[in-house]
>>> print(open('run19.txt').read())   # compact mmCIF, C-alpha atoms and all ligand atoms
# COMPACT_ATOMS: atom_id res chain seq x y z
CA MET A 12 8.58 8.48 -22.39
CA SER A 13 11.72 6.36 -22.16
CA PRO A 14 12.25 4.04 -19.16
CA ASP A 15 15.08 6.28 -18.00
CA ALA A 16 12.86 9.38 -18.17
CA ILE A 17 10.15 7.60 -16.14
CA ARG A 18 12.79 6.65 -13.60
CA ALA A 19 13.95 10.26 -13.42
CA LEU A 20 10.46 11.61 -12.60
CA PRO A 21 10.33 12.58 -8.91
CA LYS A 22 7.44 10.54 -7.52
CA ALA A 23 5.94 9.14 -4.36
CA GLU A 24 4.62 5.65 -3.77
CA LEU A 25 1.51 5.80 -1.61
CA HIS A 26 0.13 2.28 -2.00
CA VAL A 27 2.63 -0.39 -1.07
CA HIS A 28 2.48 -2.88 1.80
CA LEU A 29 5.74 -3.25 3.69
CA GLU A 30 5.23 -6.99 4.13
CA GLY A 31 4.39 -7.26 0.44
CA THR A 32 7.83 -5.93 -0.53
CA VAL A 33 9.59 -9.09 0.66
CA ASP A 34 11.20 -10.50 -2.46
CA SER A 35 12.16 -14.13 -2.97
CA ASN A 36 15.77 -13.70 -1.85
CA THR A 37 14.60 -11.95 1.30
CA VAL A 38 12.15 -14.80 2.01
CA LEU A 39 15.16 -17.16 1.90
CA ASP A 40 17.21 -14.80 4.10
CA LEU A 41 14.42 -14.58 6.70
CA ALA A 42 13.84 -18.35 6.73
CA ALA A 43 17.59 -18.97 7.20
CA ARG A 44 17.76 -16.32 9.92
CA HIS A 45 15.02 -18.10 11.89
CA ASP A 46 16.11 -21.61 10.97
CA VAL A 47 12.77 -22.53 9.45
CA GLU A 48 11.91 -24.26 6.20
CA PRO A 49 11.27 -21.65 3.46
CA PRO A 50 8.04 -22.08 1.47
CA ALA A 51 10.19 -23.12 -1.51
CA ALA A 52 13.86 -24.00 -1.80
CA THR A 53 15.11 -21.45 -4.34
CA ALA A 54 14.40 -17.84 -5.29
CA ALA A 55 12.97 -18.99 -8.62
CA ALA A 56 10.67 -21.45 -6.85
CA ILE A 57 9.48 -18.73 -4.47
CA ASP A 58 8.77 -16.46 -7.43
CA LYS A 59 6.57 -19.27 -8.72
CA TRP A 60 4.96 -19.64 -5.29
CA TYR A 61 4.13 -15.93 -5.60
CA ARG A 62 1.62 -16.61 -8.37
CA PHE A 63 -2.00 -16.62 -7.35
CA ASP A 64 -5.33 -17.79 -8.66
CA GLY A 65 -7.18 -15.14 -6.65
CA PHE A 66 -7.37 -13.16 -3.42
CA PRO A 67 -7.66 -16.10 -0.91
CA MET A 68 -4.48 -17.71 -2.28
CA PHE A 69 -2.73 -14.34 -2.16
CA LEU A 70 -3.72 -13.86 1.49
CA ASP A 71 -2.42 -17.34 2.31
CA ARG A 72 1.02 -16.45 0.89
CA TYR A 73 0.94 -12.99 2.44
CA PHE A 74 0.32 -14.38 5.93
CA THR A 75 3.07 -16.95 5.44
CA VAL A 76 5.47 -14.05 4.84
CA LEU A 77 4.07 -12.25 7.89
CA GLY A 78 4.99 -15.32 9.94
CA LEU A 79 8.63 -14.97 8.87
CA LEU A 80 8.80 -11.41 10.23
CA ARG A 81 9.61 -11.96 13.88
CA ASP A 82 12.28 -9.59 15.16
CA PRO A 83 12.87 -5.85 14.87
CA ASP A 84 15.87 -6.67 12.65
CA ASP A 85 13.57 -8.40 10.15
CA PHE A 86 11.44 -5.29 9.83
CA ALA A 87 14.49 -3.05 9.61
CA LEU A 88 15.89 -5.25 6.83
CA ILE A 89 12.79 -5.22 4.62
CA ALA A 90 12.10 -1.51 5.12
CA GLU A 91 15.64 -0.51 4.25
CA ARG A 92 15.81 -2.82 1.23
CA TYR A 93 12.59 -1.49 -0.26
CA LEU A 94 13.42 2.18 0.28
CA ARG A 95 16.79 1.70 -1.36
CA ARG A 96 15.20 -0.02 -4.35
CA SER A 97 12.61 2.79 -4.51
CA HIS A 98 15.29 5.45 -4.47
CA ASP A 99 16.94 3.71 -7.42
CA ASP A 100 13.61 4.05 -9.26
CA GLY A 101 13.39 7.81 -8.69
CA VAL A 102 10.97 7.59 -5.77
CA VAL A 103 11.40 10.44 -3.29
CA HIS A 104 8.79 9.36 -0.74
CA VAL A 105 7.14 6.08 0.30
CA GLU A 106 4.12 5.58 2.55
CA PHE A 107 4.25 1.99 3.80
CA HIS A 108 1.06 0.21 4.77
CA VAL A 109 1.96 -2.04 7.69
CA SER A 110 -0.28 -4.97 8.69
CA ALA A 111 -0.36 -3.85 12.31
CA CYS A 112 -3.45 -5.88 13.23
CA GLY A 113 -2.03 -8.93 11.49
CA HIS A 114 1.12 -8.76 13.59
CA ILE A 115 -0.55 -7.83 16.86
CA VAL A 116 -3.86 -9.74 16.80
CA GLU A 117 -3.09 -12.64 14.51
CA ASN A 118 0.54 -13.31 15.38
CA GLY A 119 0.50 -12.10 19.00
CA ARG A 120 3.42 -9.70 18.60
CA ALA A 121 3.98 -6.39 20.38
CA TRP A 122 3.85 -3.24 18.23
CA ALA A 123 6.66 -1.19 19.77
CA PRO A 124 9.58 -3.39 18.63
CA ILE A 125 8.04 -3.82 15.17
CA HIS A 126 7.58 -0.07 14.82
CA ASP A 127 11.05 0.66 16.11
CA GLY A 128 12.60 -1.87 13.73
CA ILE A 129 10.79 -0.33 10.75
CA VAL A 130 11.85 3.16 11.80
CA ARG A 131 15.47 2.02 12.14
CA GLY A 132 15.47 0.50 8.65
CA CYS A 133 13.76 3.52 7.10
CA ALA A 134 16.11 5.94 8.85
CA ALA A 135 19.13 3.98 7.59
CA ALA A 136 17.87 4.16 4.00
CA ALA A 137 16.98 7.83 4.37
CA ALA A 138 20.45 8.65 5.69
CA LYS A 139 22.03 7.05 2.61
CA THR A 140 19.59 8.26 -0.06
CA GLY A 141 17.60 11.23 1.27
CA ILE A 142 14.29 9.42 0.63
CA SER A 143 11.41 10.32 2.94
CA TRP A 144 8.81 7.93 4.26
CA GLY A 145 5.76 7.51 6.49
CA LEU A 146 3.82 4.61 7.97
CA ILE A 147 0.17 3.58 7.62
CA PRO A 148 -0.57 0.88 10.22
CA ASP A 149 -3.68 -0.90 9.05
CA ILE A 150 -6.73 -2.77 10.15
CA SER A 151 -7.25 -6.36 8.92
CA PRO A 152 -11.02 -6.55 8.51
CA HIS A 153 -11.12 -10.36 8.64
CA LEU A 154 -10.31 -9.95 12.36
CA PRO A 155 -12.90 -8.77 14.91
CA ALA A 156 -13.29 -4.99 15.07
CA ASP A 157 -12.88 -4.95 18.86
CA ALA A 158 -9.53 -6.75 18.66
CA CYS A 159 -8.40 -4.42 15.87
CA ARG A 160 -9.43 -1.40 17.93
CA THR A 161 -7.34 -2.62 20.86
CA ALA A 162 -4.41 -3.26 18.51
CA ILE A 163 -4.62 0.18 16.89
CA GLY A 164 -4.89 1.59 20.43
CA GLU A 165 -1.51 -0.02 21.12
CA VAL A 166 -0.18 1.53 17.90
CA LEU A 167 -1.41 5.01 18.81
CA ALA A 168 -0.08 4.71 22.36
CA HIS A 169 3.44 4.21 20.99
CA SER A 170 5.22 6.86 18.94
CA THR A 171 2.98 8.52 16.34
CA GLU A 172 5.73 10.71 14.89
CA HIS A 173 6.02 8.68 11.69
CA LEU A 174 2.37 7.67 11.31
CA VAL A 175 0.83 9.51 8.37
CA ALA A 176 -2.52 7.66 8.50
CA ILE A 177 -4.42 4.63 9.73
CA GLY A 178 -5.45 2.23 6.97
CA MET A 179 -7.91 -0.53 6.18
CA GLY A 180 -6.80 -3.65 4.32
CA GLY A 181 -9.06 -5.84 2.23
CA PRO A 182 -11.37 -7.64 1.74
CA ALA A 183 -14.57 -5.86 2.82
CA ASP A 184 -16.72 -8.91 3.65
CA THR A 185 -17.19 -7.97 7.31
CA TRP A 186 -17.73 -4.21 6.99
CA SER A 187 -21.49 -4.47 7.36
CA THR A 188 -21.41 -6.92 10.27
CA ASP A 189 -18.60 -5.42 12.33
CA ASP A 190 -18.11 -1.70 13.02
CA PHE A 191 -14.59 -0.50 12.30
CA SER A 192 -15.46 3.21 12.25
CA PRO A 193 -14.57 3.82 15.94
CA ILE A 194 -10.96 2.93 15.10
CA TYR A 195 -10.84 5.77 12.59
CA ALA A 196 -12.41 8.07 15.19
CA ASP A 197 -9.71 7.07 17.70
CA ALA A 198 -7.01 7.98 15.19
CA ALA A 199 -8.72 11.24 14.21
CA SER A 200 -8.90 12.24 17.87
CA VAL A 201 -5.09 12.31 17.96
CA GLY A 202 -4.84 14.08 14.60
CA ILE A 203 -4.17 11.05 12.38
CA PRO A 204 -6.27 10.78 9.21
CA GLY A 205 -7.61 7.60 7.65
CA VAL A 206 -7.21 5.91 4.30
CA ALA A 207 -8.99 2.74 3.18
CA HIS A 208 -8.82 -0.01 0.62
CA ALA A 209 -12.18 -0.02 -1.13
CA GLY A 210 -13.57 -1.00 -4.52
CA GLU A 211 -10.77 -3.42 -5.30
CA HIS A 212 -12.89 -6.53 -5.88
CA GLY A 213 -16.10 -4.80 -4.76
CA GLY A 214 -18.18 -2.28 -6.63
CA PRO A 215 -19.16 1.35 -6.08
CA GLU A 216 -21.23 0.54 -2.98
CA GLU A 217 -18.01 -0.47 -1.22
CA VAL A 218 -16.38 2.87 -2.04
CA ARG A 219 -19.48 4.73 -0.87
CA PHE A 220 -19.50 2.71 2.37
CA ALA A 221 -15.86 3.61 3.01
CA LEU A 222 -16.49 7.30 2.31
CA GLU A 223 -19.45 7.36 4.71
CA HIS A 224 -18.00 5.32 7.55
CA PHE A 225 -14.24 5.91 7.48
CA SER A 226 -13.93 9.45 6.00
CA PRO A 227 -10.75 8.48 4.15
CA VAL A 228 -8.46 11.16 2.74
CA ARG A 229 -7.38 8.67 0.04
CA ILE A 230 -8.78 5.39 -1.28
CA GLN A 231 -6.57 2.44 -2.15
CA HIS A 232 -7.63 0.99 -5.52
CA GLY A 233 -11.15 2.47 -5.80
CA ILE A 234 -11.48 0.93 -9.26
CA GLY A 235 -14.97 -0.37 -8.37
CA ALA A 236 -16.13 3.27 -8.40
CA ALA A 237 -15.77 3.23 -12.17
CA GLN A 238 -19.04 1.28 -12.40
CA ASP A 239 -20.80 4.47 -11.26
CA ILE A 240 -19.90 7.63 -13.16
CA ALA A 241 -21.60 9.83 -10.53
CA LEU A 242 -19.31 8.38 -7.88
CA LEU A 243 -16.22 8.98 -10.00
CA ASP A 244 -17.34 12.59 -10.40
CA GLU A 245 -17.89 12.81 -6.64
CA LEU A 246 -14.37 11.53 -5.96
CA ALA A 247 -13.04 14.10 -8.43
CA ASP A 248 -15.07 16.92 -6.84
CA LEU A 249 -14.11 15.92 -3.31
CA GLY A 250 -10.47 15.70 -4.38
CA ILE A 251 -10.09 12.26 -2.84
CA PRO A 252 -7.23 10.53 -4.66
CA CYS A 253 -7.29 6.85 -5.57
CA ASP A 254 -4.02 4.94 -5.24
CA VAL A 255 -4.38 2.53 -8.14
CA CYS A 256 -2.27 -0.59 -8.79
CA PRO A 257 -3.12 -2.02 -12.22
CA GLY A 258 -0.59 -4.89 -12.00
CA SER A 259 -2.07 -6.02 -8.69
CA ASN A 260 -5.61 -5.76 -10.06
CA VAL A 261 -4.78 -8.09 -12.94
CA ALA A 262 -2.73 -10.49 -10.77
CA LEU A 263 -5.61 -10.88 -8.32
CA ALA A 264 -8.27 -10.99 -11.02
CA ALA A 265 -10.01 -7.82 -9.78
CA VAL A 266 -10.28 -7.09 -13.51
CA PRO A 267 -10.37 -9.81 -16.20
CA ASP A 268 -7.38 -8.36 -18.07
CA MET A 269 -5.41 -5.13 -18.42
CA ALA A 270 -7.47 -3.98 -21.41
CA SER A 271 -10.56 -3.98 -19.13
CA HIS A 272 -8.92 -1.87 -16.42
CA PRO A 273 -10.92 1.30 -15.64
CA LEU A 274 -7.87 3.55 -15.17
CA PRO A 275 -8.53 5.42 -18.47
CA LEU A 276 -12.10 6.20 -17.36
CA MET A 277 -10.97 7.35 -13.91
CA LEU A 278 -8.50 9.77 -15.50
CA GLU A 279 -11.05 10.94 -18.06
CA ARG A 280 -13.50 11.82 -15.25
CA GLY A 281 -10.85 13.85 -13.45
CA VAL A 282 -10.19 11.56 -10.48
CA THR A 283 -6.80 12.24 -8.93
CA VAL A 284 -4.93 8.97 -9.44
CA THR A 285 -1.60 7.93 -8.00
CA LEU A 286 0.10 4.71 -9.05
CA GLY A 287 1.28 2.07 -6.59
CA SER A 288 2.78 -1.41 -6.84
CA ASP A 289 0.84 -2.82 -3.82
CA ASP A 290 2.95 -5.97 -3.19
CA PRO A 291 5.52 -5.71 -5.97
CA PRO A 292 7.53 -8.98 -5.89
CA MET A 293 4.34 -10.93 -5.24
CA PHE A 294 2.84 -9.47 -8.42
CA GLN A 295 6.10 -9.49 -10.42
CA THR A 296 5.87 -5.72 -10.80
CA THR A 297 7.65 -2.52 -9.81
CA LEU A 298 6.43 1.06 -9.59
CA LEU A 299 8.20 1.77 -12.89
CA ASP A 300 6.32 -1.12 -14.49
CA GLU A 301 3.08 0.47 -13.26
CA TYR A 302 3.96 3.78 -14.95
CA ARG A 303 4.79 1.96 -18.19
CA THR A 304 1.53 0.02 -17.97
CA ALA A 305 -0.49 3.19 -17.34
CA ALA A 306 1.16 4.93 -20.30
CA GLU A 307 0.25 2.06 -22.59
CA LEU A 308 -3.25 1.51 -21.21
CA CYS A 309 -4.26 5.17 -21.26
CA GLY A 310 -2.14 6.36 -24.18
CA LEU A 311 -0.41 8.86 -21.90
CA ASP A 312 2.14 11.24 -23.33
CA ASP A 313 5.02 12.72 -21.32
CA GLU A 314 2.71 15.32 -19.81
CA GLY A 315 0.24 12.62 -18.72
CA LEU A 316 2.97 10.65 -16.96
CA ARG A 317 4.34 13.79 -15.33
CA THR A 318 0.83 14.53 -14.03
CA LEU A 319 0.60 11.09 -12.40
CA ALA A 320 3.97 11.61 -10.72
CA GLU A 321 2.95 15.09 -9.53
CA ASN A 322 -0.36 13.70 -8.25
CA SER A 323 1.58 11.29 -6.05
CA LEU A 324 3.66 14.08 -4.52
CA ARG A 325 0.63 16.28 -3.89
CA ALA A 326 -1.54 13.46 -2.50
CA SER A 327 1.11 12.28 -0.07
CA LEU A 328 0.58 12.86 3.62
CA ALA A 329 4.13 14.00 4.24
CA PRO A 330 4.40 17.17 6.30
CA ASP A 331 4.87 20.39 4.31
CA VAL A 332 8.45 20.74 5.48
CA VAL A 333 9.22 17.42 3.77
CA LYS A 334 7.14 18.22 0.66
CA ASN A 335 9.08 21.45 0.23
CA ARG A 336 12.28 19.42 0.00
CA TRP A 337 11.04 17.74 -3.19
CA GLY A 338 11.10 21.13 -4.91
ZN ZN B 401 -3.12 -2.71 -1.09
>>> encode(input="run19.txt", output="structure tokens")
Amino acid sequence: MSPDAIRALPKAELHVHLEGTVDSNTVLDLAARHDVEPPAATAAAIDKWYRFDGFPMFLDRYFTVLGLLRDPDDFALIAERYLRRSHDDGVVHVEFHVSACGHIVENGRAWAPIHDGIVRGCAAAAAKTGISWGLIPDISPHLPADACRTAIGEVLAHSTEHLVAIGMGGPADTWSTDDFSPIYADAASVGIPGVAHAGEHGGPEEVRFALEHFSPVRIQHGIGAAQDIALLDELADLGIPCDVCPGSNVALAAVPDMASHPLPLMLERGVTVTLGSDDPPMFQTTLLDEYRTAAELCGLDDEGLRTLAENSLRASLAPDVVKNRWG
């Protein structure tokens, strides 16, 4: 399929972190806006700074960017910029993961102005392009579960109109020592489902743990499940989609190289896969790049690519009234 035809496919992006969409020029804009030293002096140097030797280095950069997001206007700016770029790539719907616990617990910020800024930016992009969107405030599992529960309580106490799910970021090191499941129960009690990162760097046991404890309606990554065929078949039978980001997986060394990526096996076993870009400028990727990569890696023909795009529309958590608009 030609790049233009991939662009023209109506598709949703279900695995992208709002704070991970901040490109190098926007890093410079935010630093200038707050009169602080940017992490590097030029856009090219920041692009270089956005190259990682693994997950800890990525998290270090990611939290530096989080520290530049201070005012509602900052959140409005990055949300609007990403939705407009997405629209240009043929995306009709975006579900943004938002590092709610990072902002609230780690950086001591209030949720309401952050939320309202994001909503303002998304609404501005939607008014110009017709794109739809939803928010997935997420838990940062390196923080204590009690503090995250209080933070998500603050999130749920504010407007839930645009929340399509509660999420869980990575990594999973503390899942067995700290109990995050009550946070999912809190969200479920007000009708908000859960999704969870699982099986990114970890194996099938991590995906099983997430399924048992968080009852996610989708898994982000889930590639670790491919080490256990029975689990892949279970995901297929349960109809739980995996939002897979091959470019991210290679950039963060979750797989040794693209040729080793388990996406072909996941598709072969009938798992519903959607493609995401995760943190696109940080991984020098775009959603269109991910479609091209998947086509090459799995030998997908036009029908195969169309299926991935349709999966993303079906697996989205947009209300039916919005889904019907996509035709
Ligand atoms: Zn992610």
>>> residues_near_point(input="run19.txt", point="(-12.5, 4.2, 16.7)", cutoff="10 Å", atoms="only C-alpha atoms", output="ChimeraX atom specification")
/A:156-157,159-161,163-164,190-200,225
>>> residues_near_ligand(input="run19.txt", ligand="ligand ZN 401 (chain B)", cutoff="8 Å", atoms="all atoms listed in the file", output="number ranges by chain")
A: 26-28, 108, 180-181, 208, 231-232, 289-290
>>> closest_residue(input="run19.txt", among="A:Gly78, A:Pro252, A:Gly310, A:Pro21", to="Val102 of chain A", atoms="all atoms listed in the file")
A:Pro21
>>> residues_around(input="run19.txt", residues="Phe294 of chain A", least_positions_apart="6", cutoff="8 Å", atoms="only C-alpha atoms", output="list in words")
Tyr61, Arg62, Gly258, Ser259 and Ala262 of chain A
>>> write_last_selection(input="run19.txt", atoms="C-alpha atoms", output="short mmCIF file (atom, residue, chain, number, x, y, z; two decimals), keeping the file's coordinate frame")
data_model
loop_
_atom_site.label_atom_id
_atom_site.label_comp_id
_atom_site.auth_asym_id
_atom_site.auth_seq_id
_atom_site.Cartn_x
_atom_site.Cartn_y
_atom_site.Cartn_z
CA TYR A 61 4.13 -15.93 -5.60
CA ARG A 62 1.62 -16.61 -8.37
CA GLY A 258 -0.59 -4.89 -12.00
CA SER A 259 -2.07 -6.02 -8.69
CA ALA A 262 -2.73 -10.49 -10.77
#
>>> residues_around(input="run19.txt", residues="segment 167-174 of chain A", least_positions_apart="6", cutoff="9 Å", atoms="all atoms listed in the file", output="number ranges by chain")
A: 122-123, 126-127, 130, 144-148, 197-198, 201, 203
>>> residues_around(input="run19.txt", residues="Tyr73 of chain A", least_positions_apart="6", cutoff="12 Å", atoms="all atoms listed in the file", output="list in words")
His28, Leu29, Glu30, Gly31, Thr32, Val33, Asp34, Val38, Pro50, Trp60, Tyr61, Arg62, Phe63, Phe66, Pro67, Leu79, Leu80, Ser110, Gly113, His114, Asp289, Asp290, Pro292, Met293 and Phe294 of chain A
>>> residues_near_point(input="run19.txt", point="(-4.2, 3.2, -23.0)", cutoff="6 Å", atoms="only C-alpha atoms", output="PDB file with C-alpha atoms, keeping the file's coordinate frame")
ATOM      1  CA  GLU A 307       0.250   2.060 -22.590  1.00  0.00           C
ATOM      2  CA  LEU A 308      -3.250   1.510 -21.210  1.00  0.00           C
ATOM      3  CA  CYS A 309      -4.260   5.170 -21.260  1.00  0.00           C
ATOM      4  CA  GLY A 310      -2.140   6.360 -24.180  1.00  0.00           C
TER       5      GLY A 310
END
>>> residues_around(input="run19.txt", residues="Ala42 of chain A", least_positions_apart="2", cutoff="12 Å", atoms="all atoms listed in the file", output="mmCIF file with C-alpha atoms, in the coordinates of the input")
data_model
loop_
_atom_site.group_PDB
_atom_site.id
_atom_site.type_symbol
_atom_site.label_atom_id
_atom_site.label_comp_id
_atom_site.auth_asym_id
_atom_site.auth_seq_id
_atom_site.Cartn_x
_atom_site.Cartn_y
_atom_site.Cartn_z
ATOM 1 C CA VAL A 33 9.590 -9.090 0.660
ATOM 2 C CA SER A 35 12.160 -14.130 -2.970
ATOM 3 C CA ASN A 36 15.770 -13.700 -1.850
ATOM 4 C CA THR A 37 14.600 -11.950 1.300
ATOM 5 C CA VAL A 38 12.150 -14.800 2.010
ATOM 6 C CA LEU A 39 15.160 -17.160 1.900
ATOM 7 C CA ASP A 40 17.210 -14.800 4.100
ATOM 8 C CA ARG A 44 17.760 -16.320 9.920
ATOM 9 C CA HIS A 45 15.020 -18.100 11.890
ATOM 10 C CA ASP A 46 16.110 -21.610 10.970
ATOM 11 C CA VAL A 47 12.770 -22.530 9.450
ATOM 12 C CA GLU A 48 11.910 -24.260 6.200
ATOM 13 C CA PRO A 49 11.270 -21.650 3.460
ATOM 14 C CA PRO A 50 8.040 -22.080 1.470
ATOM 15 C CA ALA A 51 10.190 -23.120 -1.510
ATOM 16 C CA ALA A 52 13.860 -24.000 -1.800
ATOM 17 C CA THR A 53 15.110 -21.450 -4.340
ATOM 18 C CA THR A 75 3.070 -16.950 5.440
ATOM 19 C CA VAL A 76 5.470 -14.050 4.840
ATOM 20 C CA LEU A 77 4.070 -12.250 7.890
ATOM 21 C CA GLY A 78 4.990 -15.320 9.940
ATOM 22 C CA LEU A 79 8.630 -14.970 8.870
ATOM 23 C CA LEU A 80 8.800 -11.410 10.230
ATOM 24 C CA ARG A 81 9.610 -11.960 13.880
ATOM 25 C CA ASP A 85 13.570 -8.400 10.150
#
>>> atom_distance(input="run19.txt", atom1="atom CA of Leu154 of chain A", atom2="atom CA of Asp64 of chain A")
23.0 Å
>>> axis_aligned_box(input="run19.txt", around="segment 213-225 of chain A", padding_each_side="3 Å", output="lines of an AutoDock Vina configuration file")
center_x = -17.7
center_y = 1.3
center_z = 0.5
size_x = 13.0
size_y = 18.2
size_z = 20.2
>>> closest_residue(input="run19.txt", among="A:Ser143, A:Leu319, A:Ala270, A:Gly235", to="Asn335 of chain A", atoms="only C-alpha atoms")
A:Ser143
>>> atom_distance(input="run19.txt", atom1="atom CA of Ala137 of chain A", atom2="atom CA of Ile57 of chain A")
29.0 Å
>>> atom_distance(input="run19.txt", atom1="atom CA of Val261 of chain A", atom2="atom CA of Thr296 of chain A")
11.1 Å
>>> residues_around(input="run19.txt", residues="Val282 of chain A", least_positions_apart="6", cutoff="12 Å", atoms="all atoms listed in the file", output="MDAnalysis selection string")
chainID A and resid 229:230 232:234 236:237 240:255 273:276 318:319 322 326
>>> closest_residue(input="run19.txt", among="A:Leu324, A:Cys133, A:Cys256, A:Ala176", to="Leu298 of chain A", atoms="only C-alpha atoms")
A:Cys256
>>> closest_residue(input="run19.txt", among="A:Gly141, A:Ser151, A:Leu316, A:Trp186", to="Arg303 of chain A", atoms="all atoms listed in the file")
A:Leu316
>>> closest_residue(input="run19.txt", among="A:Glu91, A:Glu106, A:Asp100, A:Glu117", to="Phe74 of chain A", atoms="only C-alpha atoms")
A:Glu117
>>> closest_residue(input="run19.txt", among="A:Ser288, A:Pro257, A:Asp71, A:Ala264", to="Thr304 of chain A", atoms="all atoms listed in the file")
A:Pro257
